[in-house]
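Only one structure is covered here, and it is reproduced in the block below.
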Amino acid sequence: MSLLEGLRFTRGDSPIHEIDPRVKFLFTMVIFVSAILFTQLLPLLFILLIQVPLVLIAKIQREWAQSLRGGLFLAVIILVTNLLSIYFFSGRTLTTENLEYALAITVRFLVLITSFSLFFLTTSPDKLSLALDKARIPFEFNFAFITAIRFVPVLADEAQSIIDAQRSRGLELDKGSFFMRIRKYIPILLPLIINSIRRSLELAEAMESRAFGATSDRTNLYELRMRGKDYAALVVVLLALASVLYVRYVFPPFGQLLPPGTLI
Amino acid sequence: MGIIEVEGLRYTYPNVESPALKGVDLTIDEGEFILLTGPSGCGKTTFSRCLNGLIPHFYSGDLEGSVIVNGLDVREHATSELAQNVGLIFQNPDNQIFALTVEKDVAFGLENLGIPKEQMIEDIDWALDATGIDHLRNRGTHELSGGQKQRLAIASILAMRPRILVLDEPTSFLDPIGAERTFKVLDALNRDHRITVILIEHRVDLAAKYVDKVVVFGDGLIMNMGSPEDVFLREETRLAGVGIPKLVELTRKLRIRGVSIPETPLSPEAFIQQINPLIQKAGAQFEKTLHPDLEGFAGEHRSSPLIRVEGLSFAYPSGVQALRDVSLTIHKSEFLAIMGENGAGKTTLVKHLNGLLRPQAGRITYEDADIADLSVAALARKVGLVFQNPDDQLFSENVESEISFALDNFGFEKEVVEKRVGWSLNLLDIEKYRKSSPFILSGGERKRVALASVLAWDPDVVVLDEPTIGQDYRQKERLRHFLEQLRTQGKTIIIVTHDVEFVAECEPRIVLMAEGEIIGDGTTKEIMTDVEAMERASVAPPMITKVFSKLSEYGLPGGVVDVDEAASLLIRLKEGSG
């Protein structure tokens, strides 16, 4: 659940929050592409670290740390499976080169978590909706997406209430064998599903009452307009993309960080 | 011609046998403020759905008769079209807010209608101003309190400039102060903008003074209608199982005993004005003889301590400090109400009593043993917690297995489980639903199933979180009698609530909370008359107490919370003055 914390928008007024969502999305994509392009530890660490000042400017370090913590388990799994598969495929030896590669792949995962957190934590779903609108996504899909985001915290609260209620009736989630424990989630999942269906009916009634779908010429209270700052940010993002491509394809490849040698 | 004309309205939901509305005729004139009341399941909500076309466009089913709203036949016009004529506002504010900021949410309906931006801004300005939430304009919708959310819901509907507002139990989730503010907003809209208001509400005490007309629904029909003064005095209304405003009830009792009250009062001020001759005549000379010895009875017969909370503090991971150094002793067989506005820390406190939450500072003992080492399951055996929303726990295929769920978890023997299930089904009078699915039961019945599923294992302490939310008058009466019954069995009962009228009738010990601290602890009388603490906790005193705190200026005792006590005091006053 805490991995999702990184997707929960919190209102803020930093310069990062102000940037046009389209530019921010492009930035996230540039980070994404560069994380895929590089496989060495050094550039990936660099891409991770370069985002830290942005996180600090946006004042979202607490939420970011939370989503990193949430992603920690997955990161460990990525590291261990990589090491194990290399170990068995390369004839039961492990070099520092192998270790560095596994670390690089893990860092790549952290880079992705960070860049998505940076985007979702600083972009209000209202603005995101405008960006989707500009991209000519039909309003129905757009609305469904935004509503899903809006109800993530509501659903999380509800799940907590249900868990509390069932524990108060003697349900012990952490006792018993693996399969017994899975069965114990039925008393939690069923009310959650039924409540969601009920809620969706209520939402639909409320939408009808707010003239949803009255006209295909929907208007919008806010408009997205690129301002000077946004163009400046766009130039920076494009320069970043160009330098990433230069470093990857023209610049000589990076050397290894760890001293060469055999671990096992 | 009225702004709403309903004739011979009959409606049956799809896949249901009996009709929800069985022939309703009603004409409402423009600018009227109507209170629609009646027991749960009487067809009020169904009726409101007919007014903006949700029936028959969203709900299919079988509709007969005609509904004309502002000259439009609801059958021939889509709900989205009717939205500009009649706005429907629902019970749960969370399920009608779509955007993340206040301003953007108010805009939602206007955007759907394709209103140009300049006009939209004008409409939003007006709606925010008319509902008094202009200062919240740029706030995030999740930061608002329940009352603010409900006013936002009204603003969002209002922005589309409907001539009629229909509100379906808009204050169920609100504390009394939030409810009162909501009613004031409606009153202003009705008087200043001539908007027709139809308010569906169980909270008749607060609403009565604002409305022109009361319509009482019962079993799919209109049972009774007229001015509030009239309707609430009629015998049929009482028999319909509708809540009667406490002041009307008091007036009726006084009139029977020959006290002259020319006009039926609906507000404390009006009541005092009506009985003014009596007070003037009696004067302060009766001060000595009338003062009953209130202090003598209070808090003397407490038995041994059962639960001790010492210096408890707790903060949620989000950083919200929910409890600050709370200390509290709960005695065996005590009846305790924890009151305070939403977010005061009431629920956080009771979640500590069965170990769902663990103290970050301080400690809790049960029968002098620290509960820190006990699991939730072990503690729950002693302290049964019944949550506000029964839908957060019901999941079984029938009521019987819903109730045996906890008993099986606790490892009771098969015969014991069977005996206990039968016992608790009888206790809550739901034996007839033994084999029914809990999901087909009504809200009140589901609440009783949830309660039965906890009482089945016979815990010594029963904690009920907001047991009266969404309950009608009869259900509340039933709950009150039931709690009395549990008390006679020696159970310790704790209710968490902001329903002051309910508490006034039960007269428990009250613990008053505000901002995570206990700011008052005493008998119902002591707390209800502690104006300063009540205000800090944002709890409005019950109607009768409001009257008597004003009457205390004339030498009458101030601490009166209950209708019968009020009646007997005033009758003695009359007899004393000859």
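For the structure tokens, the naming scheme is as follows: chains receive sequential letters (A, B, ...) according to their order of presentation, residues are indexed from 1 within each chain, and ligands are indexed from 1 in presentation order.
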
Residues of chain A that approach chain B to 9 Å or less, counting only C-alpha atoms: could you list each one with the shortest pair of atoms and its distance in Å to one decimal, rows by chain and increasing residue number, as CSV?
residue,atom,partner,partner_atom,distance
A:Arg11,CA,B:Gly140,CA,7.5
A:Ser124,CA,B:Leu100,CA,7.8
A:Pro125,CA,B:Leu100,CA,7.4
A:Asp126,CA,B:Leu100,CA,6.7
A:Ile146,CA,B:Ala99,CA,8.5
A:Thr147,CA,B:Phe98,CA,6.9
A:Arg150,CA,B:Leu100,CA,7.4
A:Val154,CA,B:Asp94,CA,8.7
A:Glu158,CA,B:Asp392,CA,7.6
A:Ala159,CA,B:Asp392,CA,8.4
A:Ser161,CA,B:Asp392,CA,6.6
A:Ile162,CA,B:Asp392,CA,4.8
A:Ile163,CA,B:Asp392,CA,8.5
A:Asp164,CA,B:Leu356,CA,6.6
A:Ala165,CA,B:Gln393,CA,5.9
A:Gln166,CA,B:Gln393,CA,6.2
A:Arg167,CA,B:Val376,CA,6.8
A:Ser168,CA,B:Ala380,CA,5.7
A:Arg169,CA,B:Ala406,CA,4.9
A:Gly170,CA,B:Ala377,CA,4.5
A:Leu171,CA,B:Asn409,CA,6.1
A:Glu172,CA,B:Ala377,CA,7.0
A:Ile186,CA,B:Phe395,CA,8.2
A:Pro187,CA,B:Phe395,CA,5.9
A:Ile188,CA,B:Gln393,CA,7.7
A:Leu189,CA,B:Phe395,CA,8.8
A:Leu190,CA,B:Phe395,CA,5.8
A:Pro191,CA,B:Phe395,CA,5.8
A:Leu192,CA,B:Asp392,CA,7.4
A:Ile194,CA,B:Asp391,CA,8.2
A:Asn195,CA,B:Asp391,CA,6.9
A:Arg199,CA,B:Asn95,CA,6.9
A:Ser200,CA,B:Asn95,CA,8.5
A:Glu202,CA,B:Asn95,CA,6.5
A:Leu203,CA,B:Asn95,CA,5.5
A:Ala204,CA,B:Phe58,CA,8.9
A:Glu205,CA,B:Leu54,CA,7.2
A:Ala206,CA,B:Gln96,CA,5.4
A:Met207,CA,B:Gln96,CA,7.5
A:Glu208,CA,B:Ser80,CA,6.0
A:Ser209,CA,B:Ala83,CA,5.7
A:Arg210,CA,B:Gly109,CA,4.6
A:Ala211,CA,B:Ser80,CA,3.8
A:Phe212,CA,B:Asn112,CA,5.4
A:Gly213,CA,B:Asn112,CA,6.2
A:Ala214,CA,B:Ser80,CA,5.3
A:Thr215,CA,B:Leu113,CA,6.0
A:Ser216,CA,B:Gly114,CA,8.0
A:Asp217,CA,B:Gly114,CA,5.7
A:Arg218,CA,B:Gly114,CA,4.5
A:Thr219,CA,B:Glu111,CA,4.7
A:Asn220,CA,B:Glu111,CA,5.6
A:Leu221,CA,B:Lys117,CA,5.9
A:Tyr222,CA,B:Lys104,CA,8.4

Which of region 332-444 of chain B counts as helix (DSSP H, G or I) under DSSP, as a ChimeraX atom specification please? /B:346-353,371-373,376-380,390-392,399-409,414-427,431-433,438-440,443-444

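Closest approach to Pro259 (chain A) among A:Leu99, A:Val55, A:Val33, A:Ile60 is made by A:Leu99 (distances from only C-alpha atoms).
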
Identify, on the basis of only C-alpha atoms, every residue whose closest approach to Leu36 (chain B) does not exceed 9 Å; exclude the query and any residue fewer than 3 positions from it along the same chain; express the result as a ChimeraX atom specification. /B:44,198-202,213-217

Just to be explicit: take each residue in the selection above, keep N, CA, C and O atoms, and write the result as an mmCIF file, in the first residue's frame.
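Output file part19.cif follows:
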data_model
loop_
_atom_site.group_PDB
_atom_site.id
_atom_site.type_symbol
_atom_site.label_atom_id
_atom_site.label_comp_id
_atom_site.auth_asym_id
_atom_site.auth_seq_id
_atom_site.Cartn_x
_atom_site.Cartn_y
_atom_site.Cartn_z
ATOM 1 N N LYS B 44 -39.518 8.132 1.047
ATOM 2 C CA LYS B 44 -39.056 9.521 0.900
ATOM 3 C C LYS B 44 -37.979 9.642 -0.171
ATOM 4 O O LYS B 44 -38.046 10.510 -1.043
ATOM 5 N N ILE B 198 -37.005 21.395 -0.546
ATOM 6 C CA ILE B 198 -37.641 20.197 -0.009
ATOM 7 C C ILE B 198 -36.585 19.444 0.777
ATOM 8 O O ILE B 198 -35.601 18.955 0.218
ATOM 9 N N LEU B 199 -36.754 19.410 2.079
ATOM 10 C CA LEU B 199 -35.744 18.846 2.965
ATOM 11 C C LEU B 199 -36.263 17.540 3.550
ATOM 12 O O LEU B 199 -37.280 17.514 4.237
ATOM 13 N N ILE B 200 -35.559 16.442 3.248
ATOM 14 C CA ILE B 200 -35.908 15.155 3.834
ATOM 15 C C ILE B 200 -35.022 14.982 5.058
ATOM 16 O O ILE B 200 -33.799 15.055 4.943
ATOM 17 N N GLU B 201 -35.602 14.799 6.233
ATOM 18 C CA GLU B 201 -34.781 14.894 7.445
ATOM 19 C C GLU B 201 -35.428 14.178 8.619
ATOM 20 O O GLU B 201 -36.638 14.192 8.778
ATOM 21 N N HIS B 202 -34.573 13.514 9.442
ATOM 22 C CA HIS B 202 -35.060 12.957 10.703
ATOM 23 C C HIS B 202 -34.860 13.947 11.840
ATOM 24 O O HIS B 202 -35.456 13.841 12.884
ATOM 25 N N LYS B 213 -44.012 24.027 5.801
ATOM 26 C CA LYS B 213 -44.970 22.940 5.732
ATOM 27 C C LYS B 213 -44.253 21.622 6.010
ATOM 28 O O LYS B 213 -43.098 21.442 5.625
ATOM 29 N N VAL B 214 -44.936 20.709 6.678
ATOM 30 C CA VAL B 214 -44.370 19.383 6.935
ATOM 31 C C VAL B 214 -45.219 18.355 6.202
ATOM 32 O O VAL B 214 -46.447 18.410 6.244
ATOM 33 N N VAL B 215 -44.537 17.456 5.490
ATOM 34 C CA VAL B 215 -45.235 16.364 4.825
ATOM 35 C C VAL B 215 -44.750 15.065 5.449
ATOM 36 O O VAL B 215 -43.547 14.807 5.477
ATOM 37 N N VAL B 216 -45.662 14.276 5.981
ATOM 38 C CA VAL B 216 -45.274 13.022 6.632
ATOM 39 C C VAL B 216 -45.573 11.853 5.700
ATOM 40 O O VAL B 216 -46.713 11.658 5.284
ATOM 41 N N PHE B 217 -44.522 11.104 5.350
ATOM 42 C CA PHE B 217 -44.676 9.923 4.520
ATOM 43 C C PHE B 217 -44.795 8.694 5.409
ATOM 44 O O PHE B 217 -44.216 8.625 6.487
#

Neighbours of Ser129 (chain A) within 10 Å (only C-alpha atoms; same-chain residues fewer than 4 positions away dropped), as a PyMOL selection string? chain A and resi 21+124-125+133-135+137+139+141-143+145-146

Which residues are near region 66-83 of chain A? Cut-off 12 Å, only C-alpha atoms, ignore same chain within fewer than 5 positions. Put them as an mmCIF file with C-alpha atoms, in the first residue's frame.
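Result written to selection_36.cif:
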data_model
loop_
_atom_site.group_PDB
_atom_site.id
_atom_site.type_symbol
_atom_site.label_atom_id
_atom_site.label_comp_id
_atom_site.auth_asym_id
_atom_site.auth_seq_id
_atom_site.Cartn_x
_atom_site.Cartn_y
_atom_site.Cartn_z
ATOM 1 C CA MET A 1 0.000 0.000 0.000
ATOM 2 C CA SER A 2 2.768 2.448 0.870
ATOM 3 C CA LEU A 3 4.135 2.171 -2.669
ATOM 4 C CA LEU A 4 0.890 3.892 -3.698
ATOM 5 C CA GLU A 5 1.617 6.733 -1.284
ATOM 6 C CA GLY A 6 3.949 8.002 -3.945
ATOM 7 C CA LEU A 7 0.990 8.520 -6.257
ATOM 8 C CA ARG A 8 -1.114 10.511 -3.830
ATOM 9 C CA ILE A 60 7.906 16.054 -1.156
ATOM 10 C CA GLN A 61 10.863 14.265 0.474
ATOM 11 C CA PHE A 88 23.536 -20.209 -11.696
ATOM 12 C CA PHE A 89 23.847 -19.351 -15.386
ATOM 13 C CA SER A 90 27.518 -18.415 -15.285
ATOM 14 C CA ARG A 92 28.285 -20.887 -10.002
ATOM 15 C CA THR A 93 30.634 -17.952 -9.920
ATOM 16 C CA LEU A 94 29.946 -14.323 -9.243
ATOM 17 C CA THR A 95 32.223 -11.466 -10.265
ATOM 18 C CA THR A 96 32.109 -7.857 -9.096
ATOM 19 C CA GLU A 97 30.945 -7.060 -12.613
ATOM 20 C CA ASN A 98 27.876 -9.231 -12.056
ATOM 21 C CA LEU A 99 27.198 -7.552 -8.720
ATOM 22 C CA GLU A 100 27.454 -4.132 -10.289
ATOM 23 C CA TYR A 101 25.018 -5.115 -13.011
ATOM 24 C CA ALA A 102 22.451 -6.374 -10.459
ATOM 25 C CA LEU A 103 22.869 -3.155 -8.477
ATOM 26 C CA ALA A 104 22.371 -1.111 -11.644
ATOM 27 C CA ILE A 105 19.096 -2.864 -12.419
ATOM 28 C CA THR A 106 17.930 -2.217 -8.854
ATOM 29 C CA VAL A 107 18.873 1.461 -9.063
ATOM 30 C CA ARG A 108 16.960 1.639 -12.340
ATOM 31 C CA PHE A 109 13.847 0.542 -10.434
ATOM 32 C CA LEU A 110 14.420 3.266 -7.821
ATOM 33 C CA VAL A 111 14.873 5.837 -10.607
ATOM 34 C CA LEU A 112 11.480 4.894 -12.009
ATOM 35 C CA ILE A 113 9.763 5.100 -8.592
ATOM 36 C CA THR A 114 11.318 8.509 -8.022
ATOM 37 C CA SER A 115 10.351 9.945 -11.386
ATOM 38 C CA PHE A 116 6.743 8.729 -11.127
ATOM 39 C CA SER A 117 6.496 10.034 -7.561
ATOM 40 C CA LEU A 118 7.863 13.365 -8.712
ATOM 41 C CA PHE A 120 2.146 12.348 -9.468
ATOM 42 C CA LEU A 121 2.981 14.047 -6.170
ATOM 43 C CA LEU A 263 33.333 -12.721 -5.354
ATOM 44 C CA ILE A 264 32.474 -16.406 -5.125
ATOM 45 C CA PRO B 317 1.490 8.275 10.548
ATOM 46 C CA SER B 318 0.128 11.292 8.657
#

Just the residues within 9 Å of region 243-252 of chain A, please, counting only C-alpha atoms, with nothing from its chain fewer than 6 positions along; format it as a ChimeraX atom specification. /A:30,34,37-38

How about saving the chosen residues, all heavy atoms kept, as an mmCIF file, in the first residue's frame?
data_model
loop_
_atom_site.group_PDB
_atom_site.id
_atom_site.type_symbol
_atom_site.label_atom_id
_atom_site.label_comp_id
_atom_site.auth_asym_id
_atom_site.auth_seq_id
_atom_site.Cartn_x
_atom_site.Cartn_y
_atom_site.Cartn_z
ATOM 1 N N VAL A 30 11.498 11.369 -20.315
ATOM 2 C CA VAL A 30 12.937 11.443 -20.603
ATOM 3 C C VAL A 30 13.704 10.611 -19.572
ATOM 4 O O VAL A 30 14.604 9.845 -19.920
ATOM 5 C CB VAL A 30 13.413 12.915 -20.596
ATOM 6 C CG1 VAL A 30 14.941 12.984 -20.609
ATOM 7 C CG2 VAL A 30 12.841 13.648 -21.789
ATOM 8 N N SER A 34 15.897 7.335 -20.439
ATOM 9 C CA SER A 34 17.318 7.233 -20.129
ATOM 10 C C SER A 34 17.589 6.074 -19.181
ATOM 11 O O SER A 34 18.632 5.425 -19.287
ATOM 12 C CB SER A 34 17.879 8.540 -19.555
ATOM 13 O OG SER A 34 16.874 9.422 -19.198
ATOM 14 N N LEU A 37 17.854 3.184 -21.380
ATOM 15 C CA LEU A 37 18.998 3.196 -22.293
ATOM 16 C C LEU A 37 20.295 2.740 -21.617
ATOM 17 O O LEU A 37 21.139 2.116 -22.235
ATOM 18 C CB LEU A 37 19.205 4.602 -22.874
ATOM 19 C CG LEU A 37 18.215 5.031 -23.963
ATOM 20 C CD1 LEU A 37 18.519 6.438 -24.427
ATOM 21 C CD2 LEU A 37 18.255 4.068 -25.136
ATOM 22 N N PHE A 38 20.453 3.107 -20.352
ATOM 23 C CA PHE A 38 21.711 2.779 -19.682
ATOM 24 C C PHE A 38 21.593 1.504 -18.864
ATOM 25 O O PHE A 38 20.563 1.242 -18.259
ATOM 26 C CB PHE A 38 22.128 3.929 -18.757
ATOM 27 C CG PHE A 38 22.539 5.160 -19.498
ATOM 28 C CD1 PHE A 38 21.674 6.239 -19.593
ATOM 29 C CD2 PHE A 38 23.785 5.238 -20.117
ATOM 30 C CE1 PHE A 38 22.045 7.374 -20.286
ATOM 31 C CE2 PHE A 38 24.159 6.384 -20.815
ATOM 32 C CZ PHE A 38 23.280 7.452 -20.893
#

Can you tell me, as a PyMOL selection string, what residues are no more than 6 Å from region 19-27 of chain B when counting only C-alpha atoms, ignoring any on the same chain fewer than 4 positions away? chain B and resi 2+4-12+43+220-221

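The coordinates place CA of Arg480 (chain B) at 25.4 Å from CA of Lys419 (chain B).
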
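Interatomic distance, CA of Asp373 (chain B) against CA of Ile494 (chain B): 23.2 Å.
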
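If only C-alpha atoms are the atoms counted, then among B:Pro162, B:Pro245, B:Pro39, B:Gly522 the closest residue to Ile195 (chain B) is B:Pro162.
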
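Here CA of Asn342 (chain B) stands at a distance of 24.6 Å from CA of Ser40 (chain B).
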
Using backbone DSSP assignments, extract all strand (DSSP E or B) residues from region 189-364 of chain B; output them as a VMD selection string. chain B and resid 196 to 200 213 to 218 221 to 226 305 to 315 321 to 331 335 to 339 361 to 364

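With distances restricted to only C-alpha atoms, B:Ile279 is the closest residue to Gly555 (chain B) from B:Ile279, B:Leu455, B:Leu336, B:Leu428.
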
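Take the candidates A:Thr122, A:Ile86, A:Leu26, A:Ala233 and check each one against Glu63 (chain A) using only C-alpha atoms; the shortest distance goes to A:Thr122.
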
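Among B:Asp192, B:Asp429, B:Glu505, B:Glu17, the residue with the shortest atom-to-atom distance to Asp62 (chain B), counting only C-alpha atoms, is B:Glu17.
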